Amino acid sequence: MVNNWLNYLQFSSIPPRCVLCGGAGEPALDLCNGCRGDLICIANPCVQCGLPLQGEEPMRCGKCLKYPPYFDRVISSYLYQEPFSTLIQALKFNARLQCSRVISQLMVDQIAHAVEPLPELLIPVPLHVARTRERGFNQALELARDLSRQLKINLDFKSCQRLQQTKAQSGLDAAQRIANLRNAFSLKNPLTARHVAIVDDVMTTGSTVNALARVLKASGVECVEVWAAARTV
Ligand SMILES: [Zn+2]
Ligand SMILES: [Zn+2]
């Protein structure tokens, strides 16, 4: 009972209120059953990059077979479409803490099913200092903080830096995206963890997290997962 109340206090409003429709939330979750049911899940993701595949067998997509990414697997269960996109927009522009809690709780549900063992360390995708200053916060860090608290995994948002203010990735082709991110990240301190999860809000092509995974692997990390709240296809 005491634990239930602590959970309530930590992770939802009292009483829980749906961040999408304003109706009554599920126990200890600021999302109602109906809105949760409207979120679109990726049924059969590629076991490495998380893109939706035909059929039901767990497998790698053709792109991962041909050009294996540096990360080992992606957990991103929801499509970046309505209504999940509304949650992410709210995370960026208002209702920040409440949305971060809801999104991280949805992520924990998926991670609990998918991952064994859990990583030793969470690294949010860093924003360039100028971008953080402009926005006031880094939404990947907000999510990573909540995930760290819920899953009791250490969080490191200081060792990895975003070096350059990269151009927006949209509108660039695959080769330009890679060039744009070639020197985007660096590690200030070596990591002792050998199993790490990169945390991001939305994964699009995966080139940003792949650039970061490359730096982590080069520094001796053996297994890099990507935990993204949602992904575009
Ligand atoms: Zn609702
Ligand atoms: Zn793939």
# chains A, B, ... in the order shown; residues from 1 in each chain; ligands from 1
>>> select_by_dssp(residues="stretch 5-233 of chain A", states="strand (DSSP E)", output="number ranges by chain")
A: 73-75, 78-79, 121-124, 154-155, 160-162, 185-187, 195-203, 223-231
>>> residues_around(residues="stretch 127-142 of chain A", least_positions_apart="3", cutoff="12 Å", atoms="only C-alpha atoms", output="VMD selection string")
chain A and resid 87 to 104 122 to 124 145 to 149 155 to 158 160 to 168 184 to 186 198 to 203 208 to 209 212 226 to 230
>>> closest_residue(among="A:Pro83, A:Pro119, A:Gly220, A:Pro45", to="ligand 2", atoms="only C-alpha atoms and all ligand atoms")
A:Pro45
>>> residues_near_ligand(ligand="ligand 1", cutoff="12 Å", atoms="only C-alpha atoms and all ligand atoms", output="MDAnalysis selection string")
chainID A and resid 16:26 29:39 83:84 86:87 102
>>> write_last_selection(atoms="N, CA and C atoms", output="mmCIF file, in the first residue's frame")
data_model
loop_
_atom_site.group_PDB
_atom_site.id
_atom_site.type_symbol
_atom_site.label_atom_id
_atom_site.label_comp_id
_atom_site.auth_asym_id
_atom_site.auth_seq_id
_atom_site.Cartn_x
_atom_site.Cartn_y
_atom_site.Cartn_z
ATOM 1 N N PRO A 16 -4.927 10.636 -11.364
ATOM 2 C CA PRO A 16 -4.296 10.649 -12.691
ATOM 3 C C PRO A 16 -5.216 11.262 -13.756
ATOM 4 N N ARG A 17 -4.654 12.132 -14.583
ATOM 5 C CA ARG A 17 -5.401 12.840 -15.636
ATOM 6 C C ARG A 17 -4.768 12.543 -16.976
ATOM 7 N N CYS A 18 -5.568 12.211 -17.959
ATOM 8 C CA CYS A 18 -5.020 11.903 -19.283
ATOM 9 C C CYS A 18 -4.435 13.166 -19.914
ATOM 10 N N VAL A 19 -3.159 13.125 -20.295
ATOM 11 C CA VAL A 19 -2.520 14.307 -20.897
ATOM 12 C C VAL A 19 -3.051 14.586 -22.301
ATOM 13 N N LEU A 20 -3.715 13.605 -22.898
ATOM 14 C CA LEU A 20 -4.214 13.806 -24.257
ATOM 15 C C LEU A 20 -5.648 14.326 -24.295
ATOM 16 N N CYS A 21 -6.542 13.743 -23.476
ATOM 17 C CA CYS A 21 -7.952 14.159 -23.573
ATOM 18 C C CYS A 21 -8.471 14.804 -22.301
ATOM 19 N N GLY A 22 -7.699 14.773 -21.228
ATOM 20 C CA GLY A 22 -8.147 15.408 -19.991
ATOM 21 C C GLY A 22 -9.058 14.526 -19.142
ATOM 22 N N GLY A 23 -9.392 13.335 -19.643
ATOM 23 C CA GLY A 23 -10.257 12.418 -18.886
ATOM 24 C C GLY A 23 -9.491 11.748 -17.744
ATOM 25 N N ALA A 24 -10.178 10.853 -17.035
ATOM 26 C CA ALA A 24 -9.533 10.151 -15.913
ATOM 27 C C ALA A 24 -8.459 9.214 -16.456
ATOM 28 N N GLY A 25 -7.273 9.251 -15.835
ATOM 29 C CA GLY A 25 -6.179 8.393 -16.284
ATOM 30 C C GLY A 25 -6.291 6.990 -15.723
ATOM 31 N N GLU A 26 -5.424 6.107 -16.204
ATOM 32 C CA GLU A 26 -5.321 4.777 -15.615
ATOM 33 C C GLU A 26 -4.618 4.915 -14.270
ATOM 34 N N LEU A 29 -1.069 6.547 -13.928
ATOM 35 C CA LEU A 29 -0.612 6.908 -15.281
ATOM 36 C C LEU A 29 -1.490 8.041 -15.801
ATOM 37 N N ASP A 30 -0.844 9.119 -16.257
ATOM 38 C CA ASP A 30 -1.612 10.261 -16.755
ATOM 39 C C ASP A 30 -2.016 10.063 -18.216
ATOM 40 N N LEU A 31 -2.666 8.950 -18.468
ATOM 41 C CA LEU A 31 -3.146 8.616 -19.810
ATOM 42 C C LEU A 31 -4.356 7.705 -19.612
ATOM 43 N N CYS A 32 -5.412 7.912 -20.411
ATOM 44 C CA CYS A 32 -6.592 7.052 -20.207
ATOM 45 C C CYS A 32 -6.463 5.806 -21.080
ATOM 46 N N ASN A 33 -7.299 4.841 -20.760
ATOM 47 C CA ASN A 33 -7.277 3.574 -21.459
ATOM 48 C C ASN A 33 -7.552 3.756 -22.959
ATOM 49 N N GLY A 34 -8.508 4.639 -23.274
ATOM 50 C CA GLY A 34 -8.892 4.868 -24.673
ATOM 51 C C GLY A 34 -7.743 5.470 -25.467
ATOM 52 N N CYS A 35 -7.120 6.517 -24.923
ATOM 53 C CA CYS A 35 -6.012 7.173 -25.650
ATOM 54 C C CYS A 35 -4.819 6.228 -25.760
ATOM 55 N N ARG A 36 -4.587 5.444 -24.722
ATOM 56 C CA ARG A 36 -3.485 4.470 -24.797
ATOM 57 C C ARG A 36 -3.734 3.484 -25.927
ATOM 58 N N GLY A 37 -4.997 3.068 -26.070
ATOM 59 C CA GLY A 37 -5.356 2.132 -27.140
ATOM 60 C C GLY A 37 -5.184 2.735 -28.528
ATOM 61 N N ASP A 38 -5.225 4.083 -28.613
ATOM 62 C CA ASP A 38 -5.074 4.741 -29.919
ATOM 63 C C ASP A 38 -3.615 4.844 -30.369
ATOM 64 N N LEU A 39 -2.660 4.631 -29.449
ATOM 65 C CA LEU A 39 -1.236 4.711 -29.837
ATOM 66 C C LEU A 39 -0.928 3.541 -30.776
ATOM 67 N N PRO A 83 -1.797 9.523 -31.965
ATOM 68 C CA PRO A 83 -1.651 10.638 -31.026
ATOM 69 C C PRO A 83 -0.286 10.678 -30.330
ATOM 70 N N PHE A 84 0.638 9.755 -30.667
ATOM 71 C CA PHE A 84 1.931 9.785 -29.965
ATOM 72 C C PHE A 84 2.685 11.083 -30.272
ATOM 73 N N THR A 86 1.498 13.955 -30.622
ATOM 74 C CA THR A 86 0.997 15.022 -29.743
ATOM 75 C C THR A 86 1.700 14.966 -28.388
ATOM 76 N N LEU A 87 1.914 13.747 -27.888
ATOM 77 C CA LEU A 87 2.638 13.586 -26.612
ATOM 78 C C LEU A 87 4.043 14.165 -26.713
ATOM 79 N N VAL A 102 4.739 10.205 -18.528
ATOM 80 C CA VAL A 102 3.864 9.274 -19.265
ATOM 81 C C VAL A 102 4.671 8.508 -20.310
#
>>> closest_atom_pairs(of="chain A", to="ligand 2", cutoff="7 Å", atoms="only C-alpha atoms and all ligand atoms", output="tab-separated table")
residue	atom	partner	partner_atom_place_in_ligand_line	distance
A:Cys46	CA	ligand 2	1 (Zn)	4.7
A:Val47	CA	ligand 2	1 (Zn)	6.6
A:Gln48	CA	ligand 2	1 (Zn)	5.0
A:Cys49	CA	ligand 2	1 (Zn)	3.9
A:Gly50	CA	ligand 2	1 (Zn)	6.0
A:Leu51	CA	ligand 2	1 (Zn)	5.9
A:Arg60	CA	ligand 2	1 (Zn)	5.1
A:Cys61	CA	ligand 2	1 (Zn)	4.1
A:Gly62	CA	ligand 2	1 (Zn)	6.7
A:Lys63	CA	ligand 2	1 (Zn)	5.8
A:Cys64	CA	ligand 2	1 (Zn)	4.3
>>> write_last_selection(atoms="C-alpha atoms", output="PDB file, in the first residue's frame")
ATOM      1  CA  CYS A  46      13.585  -5.438 -37.326  1.00  0.00           C
ATOM      2  CA  VAL A  47      15.531  -6.881 -34.374  1.00  0.00           C
ATOM      3  CA  GLN A  48      18.362  -4.406 -34.974  1.00  0.00           C
ATOM      4  CA  CYS A  49      16.978  -1.088 -36.260  1.00  0.00           C
ATOM      5  CA  GLY A  50      13.350  -1.412 -35.162  1.00  0.00           C
ATOM      6  CA  LEU A  51      11.731  -0.659 -38.530  1.00  0.00           C
ATOM      7  CA  ARG A  60      16.915  -8.275 -39.467  1.00  0.00           C
ATOM      8  CA  CYS A  61      15.829  -6.010 -42.297  1.00  0.00           C
ATOM      9  CA  GLY A  62      17.718  -5.971 -45.613  1.00  0.00           C
ATOM     10  CA  LYS A  63      19.347  -2.634 -44.826  1.00  0.00           C
ATOM     11  CA  CYS A  64      20.768  -3.871 -41.484  1.00  0.00           C
TER      12      CYS A  64
END
>>> atom_distance(atom1="atom CA of A:Ile75", atom2="atom CA of A:Leu121")
15.4 Å
>>> residues_around(residues="A:Ala211", least_positions_apart="4", cutoff="8 Å", atoms="only C-alpha atoms", output="JSON, numbers by chain")
{"A": [70, 178, 181, 182, 184, 185, 207, 215]}
>>> write_last_selection(atoms="C-alpha atoms", output="compact mmCIF listing (two decimals), in the first residue's frame")
# COMPACT_ATOMS: atom_id res chain seq x y z
CA TYR A 70 26.89 0.39 -34.89
CA ILE A 178 26.55 10.67 -42.54
CA LEU A 181 27.23 13.84 -38.35
CA ARG A 182 30.80 12.59 -38.85
CA ALA A 184 29.05 15.43 -34.20
CA PHE A 185 29.84 13.66 -30.93
CA SER A 207 21.80 8.30 -38.44
CA VAL A 215 31.77 6.83 -30.79
>>> select_by_dssp(residues="chain A", states="helix (DSSP H, G or I)", output="ChimeraX atom specification")
/A:2-11,33-38,62-66,84-93,96-114,129-135,139-151,174-181,207-218
>>> atom_distance(atom1="atom CA of A:Ala197", atom2="atom CA of A:Glu120")
8.1 Å
>>> atom_distance(atom1="atom CA of A:Ile111", atom2="atom CA of A:Gln54")
22.2 Å
>>> residues_around(residues="A:Glu225", least_positions_apart="6", cutoff="7 Å", atoms="only C-alpha atoms", output="VMD selection string")
chain A and resid 71 to 74 196 to 198
>>> write_last_selection(atoms="N, CA and C atoms", output="JSON list (two decimals), in the first residue's frame")
[["chain", "number", "residue", "atom", "x", "y", "z"],
["A", 71, "PHE", "N", 24.85, 0.39, -33.56],
["A", 71, "PHE", "CA", 24.05, -0.03, -32.41],
["A", 71, "PHE", "C", 23.57, -1.46, -32.62],
["A", 72, "ASP", "N", 23.35, -2.17, -31.49],
["A", 72, "ASP", "CA", 23.00, -3.59, -31.57],
["A", 72, "ASP", "C", 21.50, -3.83, -31.67],
["A", 73, "ARG", "N", 20.72, -3.00, -30.99],
["A", 73, "ARG", "CA", 19.28, -3.13, -31.16],
["A", 73, "ARG", "C", 18.56, -1.86, -30.72],
["A", 74, "VAL", "N", 17.37, -1.72, -31.31],
["A", 74, "VAL", "CA", 16.54, -0.54, -31.01],
["A", 74, "VAL", "C", 15.27, -1.00, -30.33],
["A", 196, "VAL", "N", 25.37, -0.16, -22.80],
["A", 196, "VAL", "CA", 24.83, 1.19, -22.66],
["A", 196, "VAL", "C", 23.56, 1.32, -23.50],
["A", 197, "ALA", "N", 22.61, 2.10, -23.02],
["A", 197, "ALA", "CA", 21.45, 2.45, -23.86],
["A", 197, "ALA", "C", 21.45, 3.95, -24.12],
["A", 198, "ILE", "N", 21.36, 4.29, -25.41],
["A", 198, "ILE", "CA", 21.21, 5.69, -25.82],
["A", 198, "ILE", "C", 19.71, 6.01, -25.76]]
>>> decode(residues="stretch 177-207 of chain A", atoms="N, CA and C atoms", output="compact mmCIF listing (two decimals), in the first residue's frame")
# COMPACT_ATOMS: atom_id res chain seq x y z
N ARG A 177 23.78 12.91 -44.79
CA ARG A 177 23.47 12.76 -43.37
C ARG A 177 24.69 12.25 -42.62
N ILE A 178 25.37 11.25 -43.20
CA ILE A 178 26.55 10.67 -42.54
C ILE A 178 27.65 11.73 -42.43
N ALA A 179 27.87 12.48 -43.53
CA ALA A 179 28.90 13.53 -43.51
C ALA A 179 28.56 14.60 -42.47
N ASN A 180 27.29 14.94 -42.40
CA ASN A 180 26.81 15.98 -41.48
C ASN A 180 27.10 15.60 -40.02
N LEU A 181 27.10 14.30 -39.74
CA LEU A 181 27.23 13.84 -38.35
C LEU A 181 28.60 13.26 -38.03
N ARG A 182 29.53 13.32 -39.02
CA ARG A 182 30.80 12.59 -38.85
C ARG A 182 31.50 12.97 -37.54
N ASN A 183 31.56 14.25 -37.25
CA ASN A 183 32.25 14.67 -36.03
C ASN A 183 31.29 15.30 -35.03
N ALA A 184 30.08 14.78 -35.02
CA ALA A 184 29.05 15.43 -34.20
C ALA A 184 29.23 15.17 -32.71
N PHE A 185 29.78 14.01 -32.35
CA PHE A 185 29.84 13.66 -30.93
C PHE A 185 31.27 13.34 -30.50
N SER A 186 31.55 13.59 -29.22
CA SER A 186 32.82 13.10 -28.67
C SER A 186 32.63 12.78 -27.19
N LEU A 187 33.52 11.93 -26.69
CA LEU A 187 33.46 11.57 -25.27
C LEU A 187 34.51 12.38 -24.51
N LYS A 188 34.06 13.06 -23.46
CA LYS A 188 35.00 13.82 -22.63
C LYS A 188 35.75 12.89 -21.69
N ASN A 189 35.00 11.91 -21.15
CA ASN A 189 35.59 10.94 -20.21
C ASN A 189 35.36 9.55 -20.75
N PRO A 190 36.32 8.64 -20.55
CA PRO A 190 36.07 7.26 -20.97
C PRO A 190 34.98 6.64 -20.09
N LEU A 191 34.21 5.72 -20.67
CA LEU A 191 33.14 5.07 -19.90
C LEU A 191 33.65 3.74 -19.37
N THR A 192 33.19 3.38 -18.19
CA THR A 192 33.54 2.05 -17.69
C THR A 192 32.46 1.04 -18.06
N ALA A 193 31.25 1.51 -18.32
CA ALA A 193 30.14 0.60 -18.66
C ALA A 193 30.42 -0.09 -19.99
N ARG A 194 30.01 -1.35 -20.09
CA ARG A 194 30.20 -2.10 -21.33
C ARG A 194 28.88 -2.31 -22.08
N HIS A 195 27.77 -2.03 -21.39
CA HIS A 195 26.45 -2.18 -21.99
C HIS A 195 25.68 -0.89 -21.71
N VAL A 196 25.37 -0.16 -22.80
CA VAL A 196 24.83 1.19 -22.66
C VAL A 196 23.56 1.32 -23.50
N ALA A 197 22.61 2.10 -23.02
CA ALA A 197 21.45 2.45 -23.86
C ALA A 197 21.45 3.95 -24.12
N ILE A 198 21.36 4.29 -25.41
CA ILE A 198 21.21 5.69 -25.82
C ILE A 198 19.71 6.01 -25.76
N VAL A 199 19.36 7.13 -25.17
CA VAL A 199 17.94 7.49 -25.05
C VAL A 199 17.63 8.69 -25.94
N ASP A 200 16.54 8.57 -26.72
CA ASP A 200 16.11 9.69 -27.56
C ASP A 200 14.59 9.75 -27.60
N ASP A 201 14.05 10.90 -27.98
CA ASP A 201 12.59 10.99 -28.04
C ASP A 201 12.05 10.40 -29.34
N VAL A 202 12.56 10.86 -30.47
CA VAL A 202 12.08 10.33 -31.75
C VAL A 202 13.25 9.88 -32.59
N MET A 203 13.17 8.67 -33.12
CA MET A 203 14.21 8.18 -34.03
C MET A 203 13.65 8.30 -35.45
N THR A 204 14.41 8.96 -36.31
CA THR A 204 13.93 9.09 -37.69
C THR A 204 14.72 8.13 -38.56
N THR A 205 15.79 8.57 -39.20
CA THR A 205 16.55 7.62 -40.02
C THR A 205 17.48 6.76 -39.16
N GLY A 206 17.78 7.21 -37.97
CA GLY A 206 18.72 6.47 -37.13
C GLY A 206 20.15 6.94 -37.31
N SER A 207 20.40 7.92 -38.20
CA SER A 207 21.80 8.30 -38.44
C SER A 207 22.41 9.03 -37.23
